[in-house]
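Asks: Got a structure for you, questions after.
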Amino acid sequence: MAFLTRARVEAGTVLLLADATLALTAWALLAQPLAIAGGAGGGLLVLAAYPAGFVLLLYALGLYRRDTLLETRRALARAVVAALLGGLLATLAVSSLTALAREAQPGGVWKTYALSVLVFSATAGLARAGLYLLRSRGAFRRRLLVVGAGKRAFDLIVLLRREGRMLGYDLALLHDEATMGPVDPRLAADHACPILPHGRDFLAAARTFGADQIVVAPDERRGLPMEALLECRIAGFPVQEYQQFLEREIRRVDIKRLEIAWLLYSDGFVFSPLDRWLKRALDVAVSGTLLLLASPFLLAAALAVRLEDGGPALYRQERVTRGGRVFRILKLRTMRVDAEKFGAVWATARDPRITRFGSFMRRSRIDELPQLINILKGDMSFVGPRPERPQFVEELAGELPLYRERHTVQAGLTGWAQVNYPYGASLDDARSKLSYDLYYVKNFSVLFDLLIILQTARVVLWPGAAGAR
């Protein structure tokens, strides 16, 4: 159990490896009864490809996120959905191979589907049962030694408890009021975070506590003994600054106590021409394919909008994208024709201006489908910060630091904020979404885009789960 903590092995990583191993083993055992092992090339391809596809489905449905790692019932429900979809893919793959080989499929298609769903439901359940046993024995918990006990340390602890990706922390604080400022009274009363007496011997405190990580988070740093921290690092204790540690753990940039100097000197904000070319190629491929597949639904929805109140089916509105450029976004109309006769107003979750069919389209995200045309035109990307109206951009840029930096990349149909934060239309919501948008801009990559596209499936199927981590 200690290895799983000391080596910084995360629960999600262990679960992913368990899912892949069990799925591969089970599918290999099924290969012979389902007559797909014949023909080494085809059989091996299916054996390798299907477990990978099944794990991608599990990832897309959020089975490696913190909320499902902690809530077994929710995890099992989603695992069954993944098995049902995965069984369908497996059946299609087996049917295609047997048809190409001109061989009969023993038991027929339904036998293949039933066995696939049964086996992959069982492997997903077995992996999660194993995770539960490991957690019950204290695996994945980490011992964090926080230097400081002021407001910054309090914010750190609150965010870790609410949003941390690990399954648990044991926390202790090192603090010296003479050099680091006063103790936050909320931490002084928190018995789960003891304040250790240390003097200036950080190394002795780290060894006594058995720290796995040291996080430097004092309100005042002028009297911080840097030599003592360096001694800890040389002795093998990882030492990280507050912002750097928090960004890695909660996958967003903390706006509340943001330091521009840290943002300036930290890694990130790299956009090579190759990255931009690959992103554009991904945009064209994904949006073109989806537009082709979704065109019947798009036409039917447009007709329904037209029939409901006789108004236009499409709604065009000015939005801001990369570099502050304004473009006209396309959406299926979800509000009354006269919704903005008094000017631009923030939309709300239960906005009375939304029509009955419009409410359904918003829940199912069908109203967003015309934006695939914006992506093909190059106005937007498939992944990026959601585009806002120029009026709201000016308002938010005056209230939130670094808001215009989200326009470093193209606006997107989906994004890191959309898969992690629920719907909201207030200044606080905009601040929280900005923290995710800045993380995306800072850590931009095509692989990151692919992972966000996969996670979008979970948000579409379970809209209320967007904010759970």
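FYI, nothing fancy with the structure tokens labels: chains A, B, ... in order, residues from 1 per chain, ligands from 1 as they appear.
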What lies within 12 Å of Gly210 in chain A using only C-alpha atoms, ignoring chain neighbours under 5 positions off, as a list in words?
Replies: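 Contacts, in chain order: Ala2, Thr5, Arg6, Arg142, Arg143, Leu144, Leu145, Asp170, Leu171, Ala172, Phe202, Leu203, Ala204, Ala205, Gly236 and Phe237 of chain A.
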Asks: Report as JSON, numbers by chain all protein, DNA and RNA residues lying within 6 Å of range 9-26 of chain A, evaluated on only C-alpha atoms, omitting residues in the same chain fewer than 4 positions from it.
Replies: {"A": [4, 51, 64, 123, 127]}
Asks: For the residues in the current selection, export N, CA and C atoms as a PDB file, in the first residue's frame.
Replies:
ATOM      1  N   LEU A   4       1.935   2.690  -3.429  1.00  0.00           N
ATOM      2  CA  LEU A   4       0.925   3.419  -4.186  1.00  0.00           C
ATOM      3  C   LEU A   4       0.844   4.876  -3.758  1.00  0.00           C
ATOM      4  N   PRO A  51     -10.084  -3.754 -26.418  1.00  0.00           N
ATOM      5  CA  PRO A  51      -9.842  -3.263 -25.053  1.00  0.00           C
ATOM      6  C   PRO A  51      -9.462  -1.785 -25.016  1.00  0.00           C
ATOM      7  N   TYR A  64     -12.848   7.733 -14.802  1.00  0.00           N
ATOM      8  CA  TYR A  64     -11.572   7.912 -14.112  1.00  0.00           C
ATOM      9  C   TYR A  64     -11.509   9.273 -13.419  1.00  0.00           C
ATOM     10  N   THR A 123     -15.717  -7.177 -15.968  1.00  0.00           N
ATOM     11  CA  THR A 123     -14.334  -6.708 -15.796  1.00  0.00           C
ATOM     12  C   THR A 123     -14.304  -5.301 -15.199  1.00  0.00           C
ATOM     13  N   ALA A 127     -12.649  -4.462 -11.538  1.00  0.00           N
ATOM     14  CA  ALA A 127     -11.599  -3.453 -11.357  1.00  0.00           C
ATOM     15  C   ALA A 127     -11.981  -2.457 -10.271  1.00  0.00           C
TER      16      ALA A 127
END
Asks: Compare A:Glu177, A:Glu241, A:Glu259, A:Asp283 by their minimum atom-to-atom distance to Ile373 in chain A, counting only C-alpha atoms, and give me the closest one.
Replies: A:Asp283
Asks: Pick out the residues sitting within 6 Å of range 329-337 of chain A, and hand them over as a list in words; count only C-alpha atoms, and ignore anything fewer than 6 positions along from it in its own chain.
Replies: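 Residues near the query, excluding close chain neighbours: Ala313, Leu314, Tyr315, Arg316, Gln317, Arg353, Ile354, Thr355, Gly358, Asp367, Glu368, Pro370 and Gln371 of chain A.
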Asks: Quick one: residues within 7 Å of Arg252 in chain A, only C-alpha atoms, excluding same-chain residues fewer than 4 positions away - as a list in words?
Replies: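 Residues meeting the cut-off are Glu247, Ser435, Tyr436 and Tyr439 of chain A.
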Asks: Please dump the current selection as an mmCIF file, in the first residue's frame; keep N, CA and C atoms.
Replies:
data_model
loop_
_atom_site.group_PDB
_atom_site.id
_atom_site.type_symbol
_atom_site.label_atom_id
_atom_site.label_comp_id
_atom_site.auth_asym_id
_atom_site.auth_seq_id
_atom_site.Cartn_x
_atom_site.Cartn_y
_atom_site.Cartn_z
ATOM 1 N N GLU A 247 -2.046 23.965 -9.551
ATOM 2 C CA GLU A 247 -2.385 23.787 -10.962
ATOM 3 C C GLU A 247 -2.349 22.316 -11.350
ATOM 4 N N SER A 435 -10.616 30.299 -14.892
ATOM 5 C CA SER A 435 -9.513 29.524 -14.311
ATOM 6 C C SER A 435 -9.252 28.259 -15.119
ATOM 7 N N TYR A 436 -10.311 27.640 -15.648
ATOM 8 C CA TYR A 436 -10.140 26.470 -16.510
ATOM 9 C C TYR A 436 -9.651 26.867 -17.902
ATOM 10 N N TYR A 439 -5.974 27.517 -17.803
ATOM 11 C CA TYR A 439 -5.249 26.246 -17.735
ATOM 12 C C TYR A 439 -5.152 25.627 -19.131
#
